[in-house]
file start-v1.cif (mmCIF, C-alpha atoms)
data_input
loop_
_atom_site.group_PDB
_atom_site.id
_atom_site.type_symbol
_atom_site.label_atom_id
_atom_site.label_comp_id
_atom_site.auth_asym_id
_atom_site.auth_seq_id
_atom_site.Cartn_x
_atom_site.Cartn_y
_atom_site.Cartn_z
ATOM 1 C CA MET A 1 4.696 49.837 -0.716
ATOM 2 C CA MET A 2 4.883 52.725 -3.118
ATOM 3 C CA GLU A 3 3.868 52.587 -6.741
ATOM 4 C CA PRO A 4 6.724 52.150 -9.239
ATOM 5 C CA THR A 5 7.631 55.508 -10.756
ATOM 6 C CA LEU A 6 9.388 56.443 -13.976
ATOM 7 C CA SER A 7 12.804 56.390 -12.336
ATOM 8 C CA HIS A 8 12.243 52.802 -11.149
ATOM 9 C CA TYR A 9 11.550 51.636 -14.691
ATOM 10 C CA LEU A 10 14.514 53.624 -16.007
ATOM 11 C CA LEU A 11 16.769 52.028 -13.391
ATOM 12 C CA VAL A 12 15.650 48.536 -14.440
ATOM 13 C CA SER A 13 16.329 49.493 -18.038
ATOM 14 C CA GLY A 14 19.756 50.847 -17.132
ATOM 15 C CA ALA A 15 20.597 47.702 -15.175
ATOM 16 C CA LEU A 16 19.639 45.509 -18.144
ATOM 17 C CA PHE A 17 21.708 47.691 -20.469
ATOM 18 C CA SER A 18 24.724 47.492 -18.152
ATOM 19 C CA ILE A 19 24.463 43.715 -17.950
ATOM 20 C CA GLY A 20 24.291 43.516 -21.729
ATOM 21 C CA LEU A 21 27.369 45.719 -22.006
ATOM 22 C CA LEU A 22 29.139 43.509 -19.471
ATOM 23 C CA GLY A 23 28.347 40.502 -21.649
ATOM 24 C CA VAL A 24 29.764 42.188 -24.743
ATOM 25 C CA ILE A 25 32.937 43.091 -22.845
ATOM 26 C CA VAL A 26 33.518 39.894 -20.883
ATOM 27 C CA ARG A 27 32.222 36.962 -22.913
ATOM 28 C CA ARG A 28 34.140 35.684 -25.909
ATOM 29 C CA ASN A 29 31.595 33.490 -27.654
ATOM 30 C CA LEU A 30 30.036 35.275 -30.624
ATOM 31 C CA LEU A 31 26.562 33.896 -29.904
ATOM 32 C CA ILE A 32 26.554 35.100 -26.307
ATOM 33 C CA ILE A 33 27.845 38.509 -27.383
ATOM 34 C CA TYR A 34 24.912 38.582 -29.780
ATOM 35 C CA MET A 35 22.462 37.655 -27.013
ATOM 36 C CA SER A 36 23.897 40.493 -24.903
ATOM 37 C CA LEU A 37 23.258 42.881 -27.794
ATOM 38 C CA GLU A 38 19.627 41.732 -27.833
ATOM 39 C CA LEU A 39 19.481 42.423 -24.112
ATOM 40 C CA MET A 40 20.690 45.982 -24.674
ATOM 41 C CA LEU A 41 18.071 46.570 -27.386
ATOM 42 C CA ASN A 42 15.380 45.304 -25.023
ATOM 43 C CA SER A 43 16.503 47.587 -22.226
ATOM 44 C CA ALA A 44 16.005 50.525 -24.594
ATOM 45 C CA ASN A 45 12.497 49.201 -25.277
ATOM 46 C CA VAL A 46 11.698 49.181 -21.552
ATOM 47 C CA ALA A 47 12.825 52.805 -21.241
ATOM 48 C CA LEU A 48 10.742 53.870 -24.257
ATOM 49 C CA VAL A 49 7.565 52.150 -23.067
ATOM 50 C CA ALA A 50 7.993 53.623 -19.578
ATOM 51 C CA MET A 51 8.379 57.108 -21.056
ATOM 52 C CA SER A 52 5.286 56.544 -23.197
ATOM 53 C CA ARG A 53 3.285 55.542 -20.112
ATOM 54 C CA PHE A 54 4.416 58.359 -17.833
ATOM 55 C CA TYR A 55 4.192 61.183 -20.370
ATOM 56 C CA GLY A 56 0.919 60.019 -21.912
ATOM 57 C CA LYS A 57 2.148 59.789 -25.513
ATOM 58 C CA LEU A 58 1.807 56.716 -27.692
ATOM 59 C CA ASP A 59 4.800 57.544 -29.910
ATOM 60 C CA GLY A 60 7.229 55.682 -27.655
ATOM 61 C CA GLN A 61 5.330 52.453 -28.158
ATOM 62 C CA VAL A 62 5.257 52.955 -31.934
ATOM 63 C CA MET A 63 9.024 53.373 -31.811
ATOM 64 C CA VAL A 64 9.367 50.136 -29.825
ATOM 65 C CA PHE A 65 7.325 48.412 -32.532
ATOM 66 C CA PHE A 66 9.886 49.529 -35.119
ATOM 67 C CA ILE A 67 12.804 48.548 -32.888
ATOM 68 C CA ILE A 68 11.412 45.025 -32.501
ATOM 69 C CA THR A 69 11.041 44.705 -36.283
ATOM 70 C CA VAL A 70 14.555 45.933 -36.987
ATOM 71 C CA ALA A 71 15.966 43.701 -34.238
ATOM 72 C CA ALA A 72 14.315 40.661 -35.802
ATOM 73 C CA ALA A 73 15.838 41.486 -39.190
ATOM 74 C CA GLU A 74 19.196 42.112 -37.548
ATOM 75 C CA VAL A 75 19.126 38.747 -35.770
ATOM 76 C CA ALA A 76 18.382 36.906 -39.009
ATOM 77 C CA VAL A 77 21.269 38.525 -40.903
ATOM 78 C CA GLY A 78 23.686 38.414 -37.970
ATOM 79 C CA LEU A 79 23.138 34.744 -37.252
ATOM 80 C CA ALA A 80 23.537 33.951 -40.962
ATOM 81 C CA LEU A 81 26.857 35.816 -40.842
ATOM 82 C CA ILE A 82 27.949 33.861 -37.772
ATOM 83 C CA VAL A 83 27.087 30.567 -39.484
ATOM 84 C CA ALA A 84 28.977 31.595 -42.635
ATOM 85 C CA LEU A 85 31.979 32.606 -40.518
ATOM 86 C CA TYR A 86 31.833 29.316 -38.633
ATOM 87 C CA ARG A 87 31.868 27.387 -41.920
ATOM 88 C CA LYS A 88 35.034 29.196 -42.985
ATOM 89 C CA ARG A 89 36.938 29.215 -39.707
ATOM 90 C CA GLN A 90 35.434 26.406 -37.602
ATOM 91 C CA THR A 91 35.203 28.631 -34.539
ATOM 92 C CA ALA A 92 32.843 31.105 -32.909
ATOM 93 C CA GLU A 93 35.272 32.495 -30.333
ATOM 94 C CA VAL A 94 36.274 36.105 -30.899
ATOM 95 C CA GLU A 95 39.870 35.564 -29.793
ATOM 96 C CA ASP A 96 40.349 33.094 -32.658
ATOM 97 C CA LEU A 97 38.934 35.627 -35.101
ATOM 98 C CA ALA A 98 41.613 38.267 -34.692
ATOM 99 C CA THR A 99 42.348 38.714 -38.401
ATOM 100 C CA MET A 100 40.014 40.413 -40.812
ATOM 101 C CA LYS A 101 40.931 38.078 -43.674
ATOM 102 C CA LEU A 102 38.510 35.248 -44.249
ATOM 103 C CA MET B 1 -0.436 45.010 -6.241
ATOM 104 C CA GLU B 2 1.284 46.808 -9.077
ATOM 105 C CA SER B 3 4.415 47.385 -7.022
ATOM 106 C CA ILE B 4 4.604 43.715 -6.016
ATOM 107 C CA LEU B 5 4.341 42.624 -9.646
ATOM 108 C CA PHE B 6 6.863 45.272 -10.668
ATOM 109 C CA ASN B 7 9.332 44.000 -8.087
ATOM 110 C CA ILE B 8 8.866 40.395 -9.173
ATOM 111 C CA PHE B 9 9.307 41.125 -12.882
ATOM 112 C CA ALA B 10 12.187 43.566 -12.398
ATOM 113 C CA VAL B 11 14.166 41.240 -10.126
ATOM 114 C CA LEU B 12 13.471 38.280 -12.413
ATOM 115 C CA ALA B 13 14.569 40.227 -15.505
ATOM 116 C CA VAL B 14 17.796 41.511 -13.964
ATOM 117 C CA LEU B 15 18.699 38.201 -12.295
ATOM 118 C CA SER B 16 18.169 36.101 -15.395
ATOM 119 C CA ALA B 17 20.003 38.708 -17.490
ATOM 120 C CA LEU B 18 22.950 38.291 -15.131
ATOM 121 C CA LEU B 19 22.690 34.531 -15.544
ATOM 122 C CA VAL B 20 22.787 34.955 -19.331
ATOM 123 C CA VAL B 21 26.107 36.748 -19.088
ATOM 124 C CA VAL B 22 27.918 35.312 -16.056
ATOM 125 C CA ASN B 23 26.498 31.954 -15.074
ATOM 126 C CA PRO B 24 28.707 30.369 -12.416
ATOM 127 C CA LEU B 25 27.377 26.858 -13.016
ATOM 128 C CA SER B 26 27.297 26.552 -16.772
ATOM 129 C CA ARG B 27 29.080 28.208 -19.651
ATOM 130 C CA SER B 28 27.066 26.633 -22.428
ATOM 131 C CA PRO B 29 25.183 28.931 -24.831
ATOM 132 C CA VAL B 30 22.028 26.826 -24.442
ATOM 133 C CA THR B 31 21.593 27.813 -20.778
ATOM 134 C CA SER B 32 22.275 31.417 -21.712
ATOM 135 C CA ALA B 33 19.549 31.228 -24.354
ATOM 136 C CA MET B 34 17.090 29.740 -21.859
ATOM 137 C CA PHE B 35 17.751 32.503 -19.323
ATOM 138 C CA LEU B 36 17.391 35.049 -22.114
ATOM 139 C CA VAL B 37 13.886 33.648 -22.703
ATOM 140 C CA THR B 38 13.108 34.240 -19.008
ATOM 141 C CA THR B 39 14.365 37.808 -19.318
ATOM 142 C CA MET B 40 12.208 38.454 -22.381
ATOM 143 C CA ILE B 41 9.107 37.109 -20.651
ATOM 144 C CA SER B 42 9.749 39.269 -17.566
ATOM 145 C CA ILE B 43 10.214 42.308 -19.796
ATOM 146 C CA SER B 44 6.882 41.581 -21.447
ATOM 147 C CA GLY B 45 5.408 41.429 -17.932
ATOM 148 C CA LEU B 46 6.794 44.921 -17.342
ATOM 149 C CA PHE B 47 5.131 45.991 -20.620
ATOM 150 C CA VAL B 48 1.784 44.726 -19.313
ATOM 151 C CA LEU B 49 2.284 46.771 -16.124
ATOM 152 C CA LEU B 50 2.899 49.810 -18.341
ATOM 153 C CA ASN B 51 -0.373 49.211 -20.260
ATOM 154 C CA ALA B 52 1.466 48.248 -23.458
ATOM 155 C CA TYR B 53 -0.573 45.109 -24.104
ATOM 156 C CA PHE B 54 0.115 44.768 -27.821
ATOM 157 C CA LEU B 55 3.851 45.156 -27.330
ATOM 158 C CA ALA B 56 3.812 42.578 -24.533
ATOM 159 C CA ALA B 57 2.246 40.049 -26.911
ATOM 160 C CA VAL B 58 4.657 40.954 -29.710
ATOM 161 C CA GLN B 59 7.578 40.702 -27.311
ATOM 162 C CA ILE B 60 6.672 37.114 -26.453
ATOM 163 C CA LEU B 61 5.867 36.164 -30.060
ATOM 164 C CA VAL B 62 8.929 37.699 -31.680
ATOM 165 C CA TYR B 63 11.619 37.436 -29.008
ATOM 166 C CA ALA B 64 10.703 34.450 -26.853
ATOM 167 C CA GLY B 65 9.367 32.680 -29.936
ATOM 168 C CA ALA B 66 11.064 33.477 -33.217
ATOM 169 C CA VAL B 67 14.393 34.996 -32.219
ATOM 170 C CA MET B 68 15.218 32.463 -29.531
ATOM 171 C CA VAL B 69 14.328 29.524 -31.792
ATOM 172 C CA LEU B 70 16.719 31.001 -34.372
ATOM 173 C CA PHE B 71 19.415 31.274 -31.689
ATOM 174 C CA LEU B 72 18.898 27.666 -30.609
ATOM 175 C CA PHE B 73 19.100 26.451 -34.214
ATOM 176 C CA VAL B 74 22.424 28.234 -34.697
ATOM 177 C CA ILE B 75 23.740 26.919 -31.370
ATOM 178 C CA MET B 76 22.952 23.423 -32.583
ATOM 179 C CA LEU B 77 24.833 24.085 -35.830
ATOM 180 C CA LEU B 78 27.886 25.351 -33.959
ATOM 181 C CA ASP B 79 30.214 23.549 -31.591
ATOM 182 C CA VAL B 80 28.935 24.085 -28.046
ATOM 183 C CA GLN B 81 31.474 21.946 -26.197
ATOM 184 C CA GLU B 82 34.280 24.300 -27.228
ATOM 185 C CA THR B 83 32.750 27.228 -25.353
ATOM 186 C CA ALA B 84 31.955 25.203 -22.276
ATOM 187 C CA ARG B 85 35.609 24.205 -21.973
ATOM 188 C CA ARG B 86 37.086 27.683 -22.020
ATOM 189 C CA LYS B 87 37.272 29.508 -18.710
ATOM 190 C CA LEU B 88 36.509 33.159 -18.176
ATOM 191 C CA ARG B 89 39.470 35.095 -16.882
ATOM 192 C CA ILE B 90 38.864 36.390 -13.335
ATOM 193 C CA VAL B 91 40.759 39.627 -14.068
ATOM 194 C CA SER B 92 38.650 40.482 -17.089
ATOM 195 C CA LEU B 93 35.475 39.645 -15.161
ATOM 196 C CA VAL B 94 36.394 41.952 -12.267
ATOM 197 C CA MET B 95 37.482 44.759 -14.595
ATOM 198 C CA GLY B 96 34.274 44.407 -16.594
ATOM 199 C CA PHE B 97 32.162 44.573 -13.424
ATOM 200 C CA VAL B 98 34.041 47.665 -12.235
ATOM 201 C CA ALA B 99 33.701 49.481 -15.574
ATOM 202 C CA VAL B 100 30.041 48.640 -16.087
ATOM 203 C CA GLY B 101 29.227 49.299 -12.428
ATOM 204 C CA ALA B 102 30.775 52.766 -12.687
ATOM 205 C CA LEU B 103 28.729 53.447 -15.826
ATOM 206 C CA PHE B 104 25.574 52.307 -14.050
ATOM 207 C CA GLY B 105 26.400 54.539 -11.071
ATOM 208 C CA VAL B 106 26.636 57.594 -13.322
ATOM 209 C CA TYR B 107 23.368 56.623 -15.035
ATOM 210 C CA LYS B 108 21.599 56.037 -11.701
ATOM 211 C CA SER B 109 22.559 59.403 -10.235
ATOM 212 C CA SER B 110 21.588 61.248 -13.414
ATOM 213 C CA VAL B 111 18.200 59.474 -13.575
ATOM 214 C CA GLU B 112 17.532 60.239 -9.944
ATOM 215 C CA ALA B 113 18.456 63.884 -10.455
ATOM 216 C CA THR B 114 16.304 64.281 -13.577
ATOM 217 C CA TYR B 115 13.243 62.057 -13.290
ATOM 218 C CA GLU B 116 12.755 61.814 -9.538
ATOM 219 C CA ASP B 117 9.566 63.864 -9.312
ATOM 220 C CA VAL B 118 7.923 62.946 -12.619
ATOM 221 C CA GLU B 119 4.288 62.162 -11.984
ATOM 222 C CA ALA B 120 2.293 60.025 -14.386
ATOM 223 C CA VAL B 121 -0.059 62.174 -16.449
ATOM 224 C CA ASP B 122 -3.738 61.773 -15.702
ATOM 225 C CA GLU B 123 -4.803 60.459 -19.099
ATOM 226 C CA VAL B 124 -3.761 56.817 -19.213
ATOM 227 C CA VAL B 125 -2.442 55.678 -22.582
ATOM 228 C CA VAL B 126 -3.423 52.089 -23.243
ATOM 229 C CA GLY B 127 -1.281 50.443 -25.900
ATOM 230 C CA SER B 128 -4.003 48.199 -27.257
ATOM 231 C CA THR B 129 -3.786 46.936 -30.824
ATOM 232 C CA GLU B 130 -6.301 49.523 -31.997
ATOM 233 C CA ALA B 131 -4.584 52.459 -30.297
ATOM 234 C CA LEU B 132 -1.185 51.444 -31.651
ATOM 235 C CA ALA B 133 -2.566 50.988 -35.162
ATOM 236 C CA ARG B 134 -4.145 54.447 -34.987
ATOM 237 C CA GLY B 135 -0.800 55.858 -33.900
ATOM 238 C CA LEU B 136 0.963 54.053 -36.734
ATOM 239 C CA PHE B 137 -1.394 54.676 -39.627
ATOM 240 C CA SER B 138 -3.090 57.993 -38.859
ATOM 241 C CA LYS B 139 -3.043 60.301 -41.877
ATOM 242 C CA ASP B 140 -1.643 63.500 -40.411
ATOM 243 C CA ASN B 141 0.967 62.406 -37.850
ATOM 244 C CA GLY B 142 1.344 58.705 -38.558
ATOM 245 C CA PHE B 143 4.314 56.562 -39.427
ATOM 246 C CA ILE B 144 3.289 55.252 -42.841
ATOM 247 C CA LEU B 145 6.580 55.908 -44.656
ATOM 248 C CA PRO B 146 8.717 54.350 -41.886
ATOM 249 C CA PHE B 147 6.372 51.375 -41.906
ATOM 250 C CA GLU B 148 6.932 50.826 -45.638
ATOM 251 C CA ILE B 149 10.688 51.272 -45.241
ATOM 252 C CA VAL B 150 10.719 48.667 -42.471
ATOM 253 C CA SER B 151 8.857 46.219 -44.699
ATOM 254 C CA ILE B 152 11.538 46.681 -47.381
ATOM 255 C CA LEU B 153 14.187 46.210 -44.678
ATOM 256 C CA LEU B 154 12.611 42.891 -43.707
ATOM 257 C CA LEU B 155 12.656 41.779 -47.347
ATOM 258 C CA VAL B 156 16.316 42.761 -47.696
ATOM 259 C CA ALA B 157 17.177 40.925 -44.463
ATOM 260 C CA MET B 158 15.423 37.814 -45.721
ATOM 261 C CA ILE B 159 17.301 37.866 -49.029
ATOM 262 C CA GLY B 160 20.551 38.551 -47.192
ATOM 263 C CA ALA B 161 20.060 35.664 -44.785
ATOM 264 C CA ILE B 162 19.314 33.249 -47.646
ATOM 265 C CA LEU B 163 22.309 34.481 -49.650
ATOM 266 C CA LEU B 164 24.685 34.254 -46.678
ATOM 267 C CA SER B 165 23.691 30.740 -45.734
ATOM 268 C CA LYS B 166 24.247 29.339 -49.229
ATOM 269 C CA LYS B 167 27.053 26.804 -49.467
ATOM 270 C CA GLU B 168 29.344 28.869 -51.686
ATOM 271 C CA LEU B 169 29.957 32.307 -50.206
ATOM 272 C CA ARG B 170 31.457 34.419 -52.944
#
call {"tool": "encode", "arguments": {"input": "start-v1.cif", "output": "structure tokens"}}
result
Amino acid sequence: MMEPTLSHYLLVSGALFSIGLLGVIVRRNLLIIYMSLELMLNSANVALVAMSRFYGKLDGQVMVFFIITVAAAEVAVGLALIVALYRKRQTAEVEDLATMKL
Amino acid sequence: MESILFNIFAVLAVLSALLVVVNPLSRSPVTSAMFLVTTMISISGLFVLLNAYFLAAVQILVYAGAVMVLFLFVIMLLDVQETARRKLRIVSLVMGFVAVGALFGVYKSSVEATYEDVEAVDEVVVGSTEALARGLFSKDNGFILPFEIVSILLLVAMIGAILLSKKELR
């Protein structure tokens, strides 16, 4: 068997990104859409770490460090928003949230 | 050895990611969250294969630990039965697969045209804690200002989360 090359890692990353995009398009529960967004962020991390490995620069990994931090902050605020929305509207399905008025 | 592990982790990551999004057996967010944990752990396995040891540990700590616990807490606050009852429309599922599959096809051909013959450079970068800290905090080409900005961002996110989850949202 041959060693995994850069394009293999990039294909895995692209597959994960596509699946995340599929989740955002197809699913209608806010929480699962949010999980799909996390999946897309992680696929970008895989691509960055693979680039860092195959080009011999550490900067990609530093960038992934920042992405993980920002993603954690984003999850905290986003989930708080979802909970606040649920309190107002008693639903977490996007098709019931078609108006912008609270 | 490395290729076997790569295949295992890659297949596990993609399969469980698919099960997060379109699980034929269960539509509950709790199963999705559990499969997302599997995906995160497989991705951290890929990080280990790429010599990014610190990031692999952080991936498990932050994603499989903190973020997923937060998700599970919110799922418990919300009504799960409602989601499980609603069916996914077959038409939208097929259209979504077609659209995303076409996007992936374009991506795949462009990756194969661009990065096919990239060889790994001889010097192996090892993303140990020390190496990453040197990359972050070195005086001449470090990331000290972004680091401080991110710490302020975390503070703002914390205040925002507390403010949003108060009973009276003004």
call {"tool": "resolve_selection", "arguments": {"input": "start-v1.cif", "expression": "the PyMOL selection byres ((chain B and resi 131) around 12)", "output": "list in words"}}
result
Lys57, Leu58, Asp59, Gln61 and Val62 of chain A; Asn51, Ala52, Tyr53, Phe54, Leu55, Val124, Val125, Val126, Gly127, Ser128, Thr129, Glu130, Leu132, Ala133, Arg134, Gly135, Leu136, Phe137, Ser138 and Gly142 of chain B
call {"tool": "atom_distance", "arguments": {"input": "start-v1.cif", "atom1": "CA of Ile75 (chain B)", "atom2": "CA of Phe17 (chain A)"}}
result
23.5 Å
call {"tool": "atom_distance", "arguments": {"input": "start-v1.cif", "atom1": "CA of Met40 (chain A)", "atom2": "CA of Pro29 (chain B)"}}
result
17.6 Å
call {"tool": "interface_residues", "arguments": {"input": "start-v1.cif", "of": "chain B", "to": "chain A", "cutoff": "7 Å", "atoms": "only C-alpha atoms", "output": "JSON, numbers by chain"}}
result
{"B": [2, 3, 10, 14, 17, 18, 21, 29, 50, 67, 83, 92, 93, 96, 97, 100, 104, 108, 111, 112, 115, 116, 118, 119, 120, 121, 123, 124, 125, 132, 135, 136, 154, 157, 160, 161, 164, 165]}
call {"tool": "atom_distance", "arguments": {"input": "start-v1.cif", "atom1": "CA of Ile43 (chain B)", "atom2": "CA of Leu61 (chain B)"}}
result
12.7 Å
